[in-house]
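J.: mmCIF, C-alpha atoms and all ligand atoms, file start21.cif:
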```
data_target
#
loop_
_atom_site.label_atom_id
_atom_site.label_comp_id
_atom_site.auth_asym_id
_atom_site.auth_seq_id
_atom_site.Cartn_x
_atom_site.Cartn_y
_atom_site.Cartn_z
CA MET I 620 0.00 0.00 0.00
CA GLU I 621 2.83 2.37 0.86
CA ASN I 622 4.31 1.91 -2.63
CA ILE I 623 0.91 2.40 -4.28
CA LEU I 624 0.47 5.71 -2.44
CA LYS I 625 4.05 6.80 -3.20
CA SER I 626 3.79 6.13 -6.91
CA TYR I 627 0.44 7.99 -7.04
CA ILE I 628 2.09 10.98 -5.32
CA ALA I 629 5.20 10.76 -7.53
CA GLU I 630 2.97 10.90 -10.61
CA LYS I 631 0.30 13.41 -9.56
CA GLY I 632 1.73 15.33 -6.60
CA MET I 633 0.36 15.30 -3.07
CA MET I 634 -3.14 13.89 -2.64
CA SER I 635 -6.22 15.02 -0.75
CA LEU I 636 -7.30 13.13 2.37
CA SER I 637 -10.29 11.88 0.35
CA GLU I 638 -7.99 10.27 -2.20
CA PHE I 639 -5.84 8.82 0.59
CA MET I 640 -8.89 7.28 2.35
CA GLN I 641 -10.34 6.03 -0.91
CA ILE I 642 -7.12 4.19 -1.81
CA CYS I 643 -6.41 2.84 1.70
CA LEU I 644 -9.97 1.53 2.17
CA GLY I 645 -11.12 0.70 -1.34
CA HIS I 646 -8.08 -0.02 -3.56
CA PRO I 647 -9.30 -2.87 -5.82
CA THR I 648 -6.64 -5.34 -4.66
CA HIS I 649 -4.95 -3.92 -1.56
CA GLY I 650 -7.73 -1.83 0.06
CA TYR I 651 -8.64 -2.47 3.69
CA TYR I 652 -12.24 -3.55 2.99
CA ILE I 653 -11.13 -5.65 0.04
CA LYS I 654 -8.45 -7.63 1.86
CA SER I 655 -8.69 -7.66 5.60
CA GLU I 656 -10.69 -9.54 8.24
CA VAL I 657 -12.28 -6.38 9.54
CA PHE I 658 -15.15 -7.50 11.81
CA GLY I 659 -15.51 -9.10 15.22
CA GLN I 660 -13.19 -10.19 18.03
CA ASP I 661 -10.40 -11.25 15.65
CA GLY I 662 -10.87 -8.23 13.42
CA ASP I 663 -10.61 -4.53 14.12
CA PHE I 664 -14.09 -3.40 15.18
CA THR I 665 -17.55 -4.67 16.12
CA THR I 666 -20.68 -3.10 14.68
CA ALA I 667 -24.18 -3.08 16.25
CA PRO I 668 -25.55 -6.07 14.29
CA GLU I 669 -22.47 -8.07 15.29
CA ILE I 670 -23.18 -7.29 18.95
CA SER I 671 -26.71 -8.69 19.01
CA GLN I 672 -29.49 -10.04 16.79
CA MET I 673 -31.80 -7.56 18.55
CA PHE I 674 -30.44 -4.68 16.46
CA GLY I 675 -31.38 -6.21 13.09
CA GLU I 676 -34.69 -7.55 14.42
CA ILE I 677 -35.72 -4.05 15.49
CA ILE I 678 -34.75 -2.64 12.10
CA GLY I 679 -36.81 -5.41 10.48
CA LEU I 680 -39.82 -4.24 12.47
CA TRP I 681 -39.11 -0.63 11.48
CA LEU I 682 -39.19 -1.73 7.83
CA VAL I 683 -42.49 -3.58 8.33
CA ASP I 684 -43.99 -0.42 9.82
CA CYS I 685 -42.75 1.63 6.84
CA ILE I 686 -44.21 -0.83 4.34
CA ASP I 687 -47.51 -0.60 6.19
CA LYS I 688 -47.47 3.17 5.72
CA LEU I 689 -46.22 3.28 2.11
CA PRO I 690 -48.63 3.23 -0.83
CA VAL I 691 -49.67 -0.36 -1.64
CA SER I 692 -47.34 -1.97 -4.17
CA ALA I 693 -46.92 -5.41 -5.77
CA ASP I 694 -43.47 -5.58 -4.18
CA TYR I 695 -40.98 -3.51 -2.17
CA ASN I 696 -37.22 -3.09 -2.51
CA ILE I 697 -35.07 -3.36 0.61
CA ILE I 698 -31.58 -2.05 -0.07
CA GLU I 699 -28.67 -2.35 2.32
CA LEU I 700 -25.60 -0.16 1.80
CA GLY I 701 -22.27 -1.59 2.97
CA PRO I 702 -23.68 -4.82 4.44
CA GLY I 703 -20.41 -6.02 6.06
CA ARG I 704 -20.73 -9.71 6.97
CA GLY I 705 -24.44 -9.84 6.05
CA THR I 706 -25.50 -10.20 9.69
CA LEU I 707 -27.82 -7.19 9.72
CA MET I 708 -29.73 -8.37 6.63
CA ALA I 709 -29.98 -11.93 8.03
CA ASP I 710 -31.58 -10.59 11.23
CA ILE I 711 -33.82 -8.20 9.27
CA LEU I 712 -35.10 -11.00 7.04
CA ARG I 713 -35.67 -13.32 10.01
CA SER I 714 -37.79 -10.74 11.78
CA MET I 715 -39.66 -9.72 8.61
CA ALA I 716 -40.37 -13.37 7.71
CA LYS I 717 -43.28 -13.43 10.19
CA PHE I 718 -45.04 -10.90 7.96
CA LYS I 719 -44.10 -12.37 4.60
CA ALA I 720 -47.65 -13.28 3.64
CA LYS I 721 -48.40 -9.54 3.62
CA PHE I 722 -45.85 -8.32 1.06
CA LYS I 723 -43.22 -9.38 -1.46
CA LEU I 724 -39.66 -8.19 -0.96
CA ASN I 725 -36.75 -7.80 -3.36
CA ILE I 726 -33.45 -7.61 -1.50
CA HIS I 727 -30.53 -5.56 -2.83
CA MET I 728 -27.04 -5.41 -1.36
CA VAL I 729 -24.62 -2.65 -2.38
CA GLU I 730 -21.09 -3.74 -1.45
CA MET I 731 -17.79 -2.71 -3.00
CA SER I 732 -15.72 -5.58 -1.59
CA PRO I 733 -15.86 -8.87 -3.55
CA LYS I 734 -14.64 -10.71 -0.44
CA LEU I 735 -17.45 -9.29 1.71
CA ARG I 736 -19.99 -9.95 -1.08
CA GLU I 737 -18.96 -13.62 -0.91
CA MET I 738 -19.32 -13.66 2.87
CA GLN I 739 -22.78 -12.05 2.60
CA ARG I 740 -23.86 -14.62 -0.02
CA GLU I 741 -22.88 -17.45 2.27
CA LYS I 742 -24.61 -15.91 5.29
CA LEU I 743 -27.84 -15.27 3.40
CA SER I 744 -27.96 -18.48 1.36
CA GLY I 745 -30.80 -19.94 3.41
CA PHE I 746 -32.88 -16.77 3.61
CA ALA I 747 -34.24 -15.74 0.25
CA ASP I 748 -33.38 -16.40 -3.37
CA ASN I 749 -34.21 -12.95 -4.70
CA ILE I 750 -31.13 -11.21 -3.31
CA THR I 751 -29.06 -9.23 -5.80
CA TRP I 752 -25.60 -7.76 -5.26
CA TYR I 753 -24.19 -4.56 -6.77
CA LYS I 754 -20.77 -3.02 -6.50
CA ASP I 755 -22.17 0.51 -6.45
CA LEU I 756 -25.34 2.61 -6.54
CA ASP I 757 -25.12 3.19 -10.32
CA GLU I 758 -25.42 -0.55 -10.93
CA LEU I 759 -28.36 -0.64 -8.51
CA LYS I 760 -30.12 2.30 -10.14
CA LYS I 761 -29.85 0.72 -13.59
CA SER I 762 -31.44 -2.58 -12.66
CA ILE I 763 -33.87 -1.91 -9.83
CA ASN I 764 -37.60 -1.90 -10.68
CA SER I 765 -39.89 1.07 -10.00
CA SER I 766 -41.37 -0.24 -6.71
CA PRO I 767 -40.89 1.69 -3.45
CA CYS I 768 -37.39 1.54 -1.95
CA LEU I 769 -36.32 1.28 1.67
CA PHE I 770 -32.60 1.89 2.21
CA VAL I 771 -30.73 0.81 5.33
CA ALA I 772 -27.21 2.14 5.94
CA ASN I 773 -25.52 1.18 9.20
CA GLU I 774 -21.96 2.47 9.53
CA PHE I 775 -21.79 3.09 5.78
CA PHE I 776 -21.38 6.86 5.70
CA ASP I 777 -18.56 6.90 8.27
CA ALA I 778 -16.46 4.85 5.84
CA LEU I 779 -16.80 7.44 3.07
CA PRO I 780 -13.80 9.70 2.44
CA ILE I 781 -13.61 13.24 3.82
CA ASN I 782 -11.47 16.30 3.18
CA GLN I 783 -10.04 18.53 5.91
CA TYR I 784 -9.04 22.19 5.94
CA GLU I 785 -6.97 24.07 8.53
CA PHE I 786 -7.35 27.78 9.35
CA LEU I 787 -3.95 29.46 9.75
CA ASP I 788 -3.18 33.19 9.88
CA GLY I 789 -6.60 34.10 8.55
CA VAL I 790 -6.70 31.73 5.57
CA TRP I 791 -7.63 28.10 4.91
CA TYR I 792 -5.16 25.44 3.78
CA GLU I 793 -6.17 21.94 2.73
CA ARG I 794 -4.76 19.05 4.78
CA MET I 795 -3.08 16.81 2.22
CA VAL I 796 -0.96 13.67 2.09
CA GLY I 797 2.60 13.61 0.73
CA VAL I 798 5.95 11.93 1.28
CA LYS I 799 8.37 13.13 3.99
CA ASP I 800 11.71 11.44 4.73
CA GLY I 801 10.64 8.56 2.47
CA LYS I 802 7.37 7.97 4.41
CA ILE I 803 3.73 8.77 3.69
CA ALA I 804 2.96 11.77 5.89
CA PRO I 805 0.40 14.57 6.39
CA THR I 806 1.13 17.97 4.90
CA LEU I 807 -0.69 21.18 3.96
CA SER I 808 -1.52 22.57 0.54
CA MET I 809 1.19 24.97 -0.69
CA ARG I 810 -1.33 27.76 -1.17
CA PRO I 811 -4.47 28.84 0.65
CA VAL I 812 -7.73 27.42 -0.69
CA GLU I 813 -11.32 28.67 -0.81
CA VAL I 814 -13.56 26.80 1.61
CA GLU I 815 -17.31 26.98 1.46
CA LEU I 816 -18.40 27.06 5.10
CA PRO I 817 -21.97 26.53 6.27
CA HIS I 818 -23.58 29.88 7.01
CA ILE I 819 -23.53 29.39 10.74
CA LEU I 820 -19.73 28.94 10.82
CA GLU I 821 -18.81 31.92 8.67
CA GLY I 822 -16.34 34.25 10.41
CA ARG I 823 -16.12 31.97 13.45
CA ALA I 824 -12.93 29.98 12.80
CA ALA I 825 -10.16 30.46 15.38
CA ASP I 826 -6.52 29.98 14.40
CA GLY I 827 -5.83 26.24 14.00
CA ALA I 828 -9.54 25.35 13.46
CA ILE I 829 -10.19 22.27 11.34
CA PHE I 830 -13.15 22.07 9.00
CA GLU I 831 -14.28 18.78 7.42
CA ASN I 832 -16.48 18.06 4.45
CA SER I 833 -17.26 14.94 2.48
CA PRO I 834 -17.85 15.25 -1.27
CA ALA I 835 -18.25 11.44 -1.34
CA THR I 836 -21.16 11.66 1.10
CA LYS I 837 -22.83 14.27 -1.09
CA PHE I 838 -22.27 12.06 -4.12
CA TYR I 839 -23.69 8.87 -2.57
CA LEU I 840 -26.57 10.62 -0.85
CA GLY I 841 -27.41 12.32 -4.16
CA LYS I 842 -27.75 8.91 -5.79
CA ILE I 843 -29.93 7.58 -2.97
CA ILE I 844 -32.14 10.67 -3.25
CA ASP I 845 -32.42 10.22 -7.05
CA ILE I 846 -33.72 6.69 -6.54
CA LEU I 847 -36.11 7.77 -3.75
CA LYS I 848 -37.49 10.56 -5.94
CA ARG I 849 -38.11 8.13 -8.77
CA ASN I 850 -39.43 5.17 -6.76
CA LYS I 851 -40.67 6.73 -3.48
CA GLY I 852 -39.63 5.33 -0.14
CA ALA I 853 -37.27 6.08 2.72
CA ALA I 854 -33.66 5.77 3.87
CA LEU I 855 -32.66 4.85 7.41
CA ILE I 856 -29.17 6.09 8.23
CA ILE I 857 -27.42 4.96 11.42
CA ASP I 858 -23.90 6.04 12.21
CA TYR I 859 -21.73 7.73 14.76
CA GLY I 860 -21.62 11.45 14.36
CA HIS I 861 -23.13 14.76 15.34
CA ASP I 862 -26.15 16.89 14.52
CA GLY I 863 -24.87 20.45 14.08
CA HIS I 864 -22.09 22.13 12.09
CA GLY I 865 -18.81 22.75 13.85
CA PHE I 866 -15.04 22.70 13.66
CA GLY I 867 -12.89 19.76 14.72
CA ASP I 868 -10.87 16.78 13.55
CA SER I 869 -12.91 13.56 13.64
CA LEU I 870 -10.69 11.41 11.43
CA GLN I 871 -9.70 8.22 13.22
CA ALA I 872 -8.01 4.92 12.57
CA VAL I 873 -8.85 1.72 14.41
CA LYS I 874 -6.87 -1.50 14.47
CA ALA I 875 -7.57 -4.51 16.68
CA HIS I 876 -10.24 -2.56 18.60
CA LYS I 877 -7.81 0.26 19.52
CA TYR I 878 -7.27 3.72 18.12
CA ALA I 879 -4.22 3.80 15.85
CA LYS I 880 -2.16 6.38 13.98
CA ILE I 881 -3.72 7.41 10.68
CA PHE I 882 -0.49 7.15 8.69
CA LYS I 883 0.62 3.75 10.06
CA ASN I 884 -0.57 0.27 8.99
CA LEU I 885 -1.55 1.68 5.58
CA GLY I 886 -4.40 -0.35 4.08
CA LYS I 887 -4.46 -2.59 7.16
CA GLN I 888 -6.66 -0.55 9.49
CA ASP I 889 -10.06 1.09 9.40
CA ILE I 890 -10.13 4.85 8.79
CA THR I 891 -13.39 6.67 9.43
CA ALA I 892 -14.80 10.08 10.26
CA HIS I 893 -17.83 11.26 12.19
CA VAL I 894 -20.91 11.73 10.05
CA ASN I 895 -22.34 15.25 9.95
CA PHE I 896 -26.07 14.55 10.17
CA THR I 897 -26.89 18.22 9.70
CA SER I 898 -25.22 18.07 6.28
CA LEU I 899 -27.21 14.94 5.40
CA LYS I 900 -30.45 16.72 6.34
CA GLU I 901 -29.53 19.84 4.37
CA ILE I 902 -28.65 17.86 1.24
CA ALA I 903 -31.95 15.96 1.48
CA LYS I 904 -34.06 19.05 2.15
CA ALA I 905 -32.50 20.88 -0.79
CA GLN I 906 -33.87 18.02 -2.93
CA ASN I 907 -37.34 18.38 -1.37
CA LEU I 908 -37.12 15.23 0.71
CA MET I 909 -38.66 15.08 4.17
CA VAL I 910 -36.35 14.44 7.11
CA SER I 911 -36.98 13.07 10.57
CA PRO I 912 -35.36 14.61 13.62
CA VAL I 913 -31.90 13.17 14.33
CA VAL I 914 -32.23 10.92 17.38
CA THR I 915 -29.74 8.87 19.34
CA GLN I 916 -29.50 5.13 18.74
CA ALA I 917 -30.71 4.66 22.34
CA ASN I 918 -33.87 6.68 21.64
CA PHE I 919 -34.54 4.99 18.31
CA LEU I 920 -34.12 1.43 19.60
CA GLY I 921 -35.92 2.33 22.83
CA ASP I 922 -38.90 3.73 20.92
CA LEU I 923 -39.09 0.44 19.03
CA ALA I 924 -39.15 -1.50 22.33
CA ILE I 925 -35.72 -3.13 22.28
CA GLY I 926 -36.02 -3.46 26.07
CA LEU I 927 -39.06 -5.71 25.65
CA ARG I 928 -37.30 -7.75 23.00
CA ALA I 929 -34.38 -8.26 25.40
CA GLN I 930 -36.78 -9.45 28.12
CA MET I 931 -38.40 -11.91 25.71
CA LEU I 932 -34.99 -13.28 24.71
CA ILE I 933 -33.99 -13.65 28.36
CA ARG I 934 -37.24 -15.51 29.14
CA LYS I 935 -36.50 -17.94 26.32
CA ASN I 936 -32.79 -18.27 27.16
CA PRO I 937 -32.43 -17.67 30.91
CA GLU I 938 -28.89 -19.05 30.88
CA GLN I 939 -27.90 -16.14 28.61
CA GLU I 940 -29.35 -13.38 30.76
CA MET I 941 -26.02 -11.71 31.41
CA GLN I 942 -24.88 -11.74 27.75
CA ILE I 943 -28.23 -10.36 26.55
CA ALA I 944 -28.21 -7.59 29.18
CA GLN I 945 -24.62 -6.72 28.27
CA ALA I 946 -25.43 -6.61 24.57
CA LEU I 947 -28.42 -4.37 25.25
CA ASN I 948 -26.20 -2.04 27.25
CA ARG I 949 -23.63 -1.91 24.44
CA LEU I 950 -26.34 -0.91 21.98
CA ILE I 951 -28.15 1.69 24.09
CA GLY I 952 -25.84 2.56 27.02
CA GLU I 953 -24.84 6.23 27.27
CA ASP I 954 -21.12 5.48 27.41
CA GLU I 955 -21.46 2.84 24.71
CA MET I 956 -23.20 3.23 21.34
CA GLY I 957 -26.40 4.73 22.71
CA THR I 958 -25.52 8.40 22.49
CA LEU I 959 -22.65 8.66 20.03
CA PHE I 960 -24.62 6.82 17.35
CA LYS I 961 -27.41 8.77 15.68
CA VAL I 962 -30.34 7.79 13.50
CA LEU I 963 -31.98 9.74 10.69
CA CYS I 964 -34.76 8.91 8.24
CA LEU I 965 -35.10 10.64 4.86
CA HIS I 966 -38.28 10.01 2.93
CA ASN I 967 -40.42 11.35 0.17
CA CYS I 968 -43.75 9.82 1.15
CA GLU I 969 -46.20 11.51 3.48
CA PHE I 970 -45.71 9.20 6.43
CA THR I 971 -44.39 9.42 9.97
CA PRO I 972 -41.59 6.95 10.50
CA VAL I 973 -41.64 5.21 13.87
CA GLY I 974 -38.64 5.54 16.21
CA PHE I 975 -38.18 9.31 16.11
CA GLY I 976 -40.44 10.32 18.98
CA LEU I 977 -43.00 11.63 16.53
CA GLU I 978 -45.83 9.25 17.32
C1 LIG Z 1 -18.06 -0.34 8.80
S1 LIG Z 1 -18.61 -1.49 7.66
C2 LIG Z 1 -20.31 -1.66 8.15
C3 LIG Z 1 -20.84 -3.03 7.92
C4 LIG Z 1 -22.29 -3.32 8.27
N1 LIG Z 1 -23.20 -2.33 7.79
C5 LIG Z 1 -22.48 -3.54 9.75
O1 LIG Z 1 -23.18 -2.78 10.37
O2 LIG Z 1 -21.92 -4.52 10.27
C6 LIG Z 1 -18.68 -0.62 6.13
C7 LIG Z 1 -19.21 -1.43 4.98
O3 LIG Z 1 -19.38 -0.56 3.87
C8 LIG Z 1 -18.73 -1.10 2.72
N2 LIG Z 1 -18.34 0.05 1.91
C9 LIG Z 1 -17.51 1.05 2.25
N3 LIG Z 1 -17.44 1.97 1.26
C10 LIG Z 1 -18.27 1.53 0.28
C11 LIG Z 1 -18.64 2.05 -1.00
N4 LIG Z 1 -18.12 3.17 -1.46
N5 LIG Z 1 -19.53 1.36 -1.75
C12 LIG Z 1 -20.05 0.19 -1.28
N6 LIG Z 1 -19.73 -0.36 -0.08
C13 LIG Z 1 -18.84 0.30 0.68
C14 LIG Z 1 -17.59 -1.90 3.32
O4 LIG Z 1 -17.03 -2.83 2.44
C15 LIG Z 1 -18.31 -2.55 4.51
O5 LIG Z 1 -19.13 -3.61 4.09
#
```
When written as structure tokens, how does the structure in this file appear?
Ligand SMILES: C[S@@+](CC[C@H](N)C(=O)[O-])C[C@H]1O[C@@H](n2cnc3c(N)ncnc32)[C@H](O)[C@@H]1O

T.:
Amino acid sequence: MENILKSYIAEKGMMSLSEFMQICLGHPTHGYYIKSEVFGQDGDFTTAPEISQMFGEIIGLWLVDCIDKLPVSADYNIIELGPGRGTLMADILRSMAKFKAKFKLNIHMVEMSPKLREMQREKLSGFADNITWYKDLDELKKSINSSPCLFVANEFFDALPINQYEFLDGVWYERMVGVKDGKIAPTLSMRPVEVELPHILEGRAADGAIFENSPATKFYLGKIIDILKRNKGAALIIDYGHDGHGFGDSLQAVKAHKYAKIFKNLGKQDITAHVNFTSLKEIAKAQNLMVSPVVTQANFLGDLAIGLRAQMLIRKNPEQEMQIAQALNRLIGEDEMGTLFKVLCLHNCEFTPVGFGLE
């Protein structure tokens, strides 16, 4: 990976952080998501569906509620973005199966990693035969039918590349990646750059302030919105991040469940950034979509009665009481995922999605 980055820089000059993240995570042969064992105890991080089946079951129920509220259709498209090991979709389909007499589902998985696509296929082999895989949203858009679409994206947007800018002596410089003393290292653009700040931040940067934006997020969300406008439906976005514009450096690398240095272990560690939910809402609203409030994962799962589900599971499996209680706490605990993770629903149908304190 180091040589790939160096030859790119030798040919084109220093690269943006977006390009750096894109290559480290998604390079077709050496990218992190393409090559590594990323999930679980032996991997680098654990996501909510890998913690407990309750997470996917609750999202399955959320989808059933949406289908109930959408205009009647011969079938419905459920689309997962970045499905990891396929665990979330397996739990979703298991919980939706109880309602399968009521509607027909087409399942779509958008995954860039061939290795993860294989893993997902294996995991879902017993579930449904109408599951289709796509490497990106363009492929999906070309082949999906015109029925309503329900997108689910858990920890997808945090994996998308960001750019960063630093405010020094009254001007902005872009944080870039170059080579220093023979090693890949952070650097700043030679010249100041123009940065388009959200209104609320204009004139408020102190010396040394960092501003982040994500053209990739805009690009992917734009494609989701295009499909929603054409087909109708909703998108459920769950990720760690904040609701509100601000300054700060949220880029982080994780290896073996510990924070790591961004410019070490190139291509062998996860690199992510906090998702700016305010930006997501603004992009959607500008395209005339409706947006829910941004709520914490604890509020969303709590509203959908995850506590009751945990009690039911404990009643059925009393010997697992402690594990189930611990998993519940990891999903909704304040110092765990409960507060840092946020949930947002974008939709273009006149309906009130459950889980956002609106009902
Ligand atoms: C952090 S993992 C989340 C996995 C899963 N959603 C979960 O909750 O366990 C990110 C996932 O998004 C996929 N991914 C990242 N960038 C992508 C892109 N640009 N297009 C499609 N999939 C992508 C990764 O390969 C991986 O499956």

J.: Neighbours of ligand LIG 1 (chain Z) at 7 Å or closer, counting all atoms listed in the file: which residues, as a tab-separated table (two decimals) with C-alpha atoms, in the frame of the given file?

T.:
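Now in selection36.tsv:
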```tsv
chain	number	residue	atom	x	y	z
I	645	GLY	CA	-11.12	0.70	-1.34
I	652	TYR	CA	-12.24	-3.55	2.99
I	653	ILE	CA	-11.13	-5.65	0.04
I	666	THR	CA	-20.68	-3.10	14.68
I	667	ALA	CA	-24.18	-3.08	16.25
I	668	PRO	CA	-25.55	-6.07	14.29
I	669	GLU	CA	-22.47	-8.07	15.29
I	700	LEU	CA	-25.60	-0.16	1.80
I	701	GLY	CA	-22.27	-1.59	2.97
I	702	PRO	CA	-23.68	-4.82	4.44
I	703	GLY	CA	-20.41	-6.02	6.06
I	704	ARG	CA	-20.73	-9.71	6.97
I	706	THR	CA	-25.50	-10.20	9.69
I	707	LEU	CA	-27.82	-7.19	9.72
I	729	VAL	CA	-24.62	-2.65	-2.38
I	730	GLU	CA	-21.09	-3.74	-1.45
I	731	MET	CA	-17.79	-2.71	-3.00
I	732	SER	CA	-15.72	-5.58	-1.59
I	735	LEU	CA	-17.45	-9.29	1.71
I	754	LYS	CA	-20.77	-3.02	-6.50
I	755	ASP	CA	-22.17	0.51	-6.45
I	772	ALA	CA	-27.21	2.14	5.94
I	773	ASN	CA	-25.52	1.18	9.20
I	774	GLU	CA	-21.96	2.47	9.53
I	775	PHE	CA	-21.79	3.09	5.78
I	778	ALA	CA	-16.46	4.85	5.84
I	779	LEU	CA	-16.80	7.44	3.07
```

J.: If we count all atoms listed in the file, what is near Phe786 in chain I at a cut-off of 12 Å, once residues fewer than 2 positions away on the same chain are taken out, given as a PyMOL selection string?

T.: chain I and resi 783-784+788-794+807-808+811-814+816+822-831+866-867

J.: List every residue of range 851-878 of chain I that has an atom at most 10 Å from any atom of range 694-699 of chain I, giving for each one its closest atom pair and the distance in Å to one decimal, counting all atoms listed in the file, sorted by chain and then by ascending residue number, as JSON lines.

T.:
```
{"residue": "I:Gly852", "atom": "CA", "partner": "I:Asn696", "partner_atom": "CA", "distance": 9.1}
{"residue": "I:Ala853", "atom": "CA", "partner": "I:Ile697", "partner_atom": "CA", "distance": 9.9}
{"residue": "I:Ala854", "atom": "CA", "partner": "I:Ile698", "partner_atom": "CA", "distance": 9.0}
{"residue": "I:Leu855", "atom": "CA", "partner": "I:Glu699", "partner_atom": "CA", "distance": 9.7}
```

J.: Could you write those residues out with C-alpha atoms, as an mmCIF file, in the coordinates of the input?

T.:
```cif
data_model
loop_
_atom_site.group_PDB
_atom_site.id
_atom_site.type_symbol
_atom_site.label_atom_id
_atom_site.label_comp_id
_atom_site.auth_asym_id
_atom_site.auth_seq_id
_atom_site.Cartn_x
_atom_site.Cartn_y
_atom_site.Cartn_z
ATOM 1 C CA GLY I 852 -39.630 5.330 -0.140
ATOM 2 C CA ALA I 853 -37.270 6.080 2.720
ATOM 3 C CA ALA I 854 -33.660 5.770 3.870
ATOM 4 C CA LEU I 855 -32.660 4.850 7.410
#
```

J.: If you count all atoms listed in the file, which residues fall within 12 Å of Lys904 in chain I, apart from same-chain ones fewer than 4 positions away, as a list in words?

T.: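 So the residues in contact are Leu840, Gly841, Ile844, Thr897, Ser898, Leu899, Lys900, Leu908, Met909, Val910, Ser911, Cys964, Leu965, His966 and Asn967 of chain I.
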
J.: Counting only C-alpha atoms, figure out which residue out of I:His649, I:Asn749, I:Val798, I:Ala875 gets nearest to Ile623 in chain I.

T.: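 The answer is I:His649, which sits nearest to Ile623 in chain I.
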
J.: As JSON, numbers by chain, please: the residues near range 860-862 of chain I (cut-off 8 Å, all atoms listed in the file, same-chain neighbours under 3 positions excluded).

T.: {"I": [893, 894, 895, 896, 897, 913, 959, 960, 961]}

J.: Counting all atoms listed in the file, figure out which residue out of I:Ala917, I:Ile933, I:Ile857, I:Ile803 gets nearest to Met633 in chain I.

T.: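 Residue with the minimum atom-to-atom distance to Met633 in chain I: I:Ile803.
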
J.: Determine the nearest neighbour of Leu885 in chain I from the options I:Ser692, I:Ser637, I:Asn622, I:Thr971, counting all atoms listed in the file.

T.: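 Closest to Leu885 in chain I of all the choices is I:Asn622.
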
J.: State, in Å with one decimal place, the distance from CA of Lys799 in chain I to CA of Met640 in chain I.

T.: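 So the two atoms, CA of Lys799 in chain I and CA of Met640 in chain I, lie 18.3 Å apart.
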
J.: In file coordinates, which residues lie within 12 Å of (-12.8, -6.5, 17.3) using all atoms listed in the file, given as a ChimeraX atom specification?

T.: /I:656-667,669-670,873-878,888-889

J.: One number please: CA of Trp681 in chain I to CA of Ser714 in chain I, in Å, one decimal.

T.: 10.2 Å

J.: Rounded to one decimal place, report the CA of Gln906 in chain I-CA of Ile846 in chain I distance in Å.

T.: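 A separation of 11.9 Å between them.
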
J.: Could you name the residues that touch Ala720 in chain I at 12 Å or less, counting all atoms listed in the file, but leaving out those on the same chain fewer than 4 positions away, as a PyMOL selection string?

T.: chain I and resi 683+694+715-716+724

J.: Would you please work out which residue, of I:Gly801, I:Pro767, I:Pro733, I:Gly926, is nearest to Tyr753 in chain I when using all atoms listed in the file?

T.: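 Using all atoms listed in the file, Tyr753 in chain I sits closest to I:Pro733.
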
J.: Once you count all atoms listed in the file, which residues end up no further than 9 Å from (-39.9, -10.3, 19.0) in the file's frame, shown as a list in words?

T.: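 Residues lying no farther than 9 Å from the given point: Met673, Glu676, Ile677, Leu680, Ser714, Ile925, Leu927, Arg928, Ala929, Met931 and Leu932 of chain I.
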
J.: When distances are computed from only C-alpha atoms, which of I:Gly705, I:Gly797, I:Pro937, I:Pro780 shows the smallest separation from Ser869 in chain I?

T.: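 That would be I:Pro780, the residue with the smallest distance to Ser869 in chain I.
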
J.: Assuming 5 Å of padding per side, give the centre and edge lengths of the axis-aligned box around every listed atom of range 652-658 of chain I, in Å to one decimal and as JSON.

T.:
```
{"center_x": -11.8, "center_y": -6.5, "center_z": 5.9, "size_x": 16.7, "size_y": 16.0, "size_z": 21.8}
```

J.: Go through I:Ala804, I:Ile781, I:Ala905, I:Leu820 and flag the residue nearest Glu621 in chain I, using all atoms listed in the file for the distances.

T.: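 The closest residue to Glu621 in chain I is I:Ala804.
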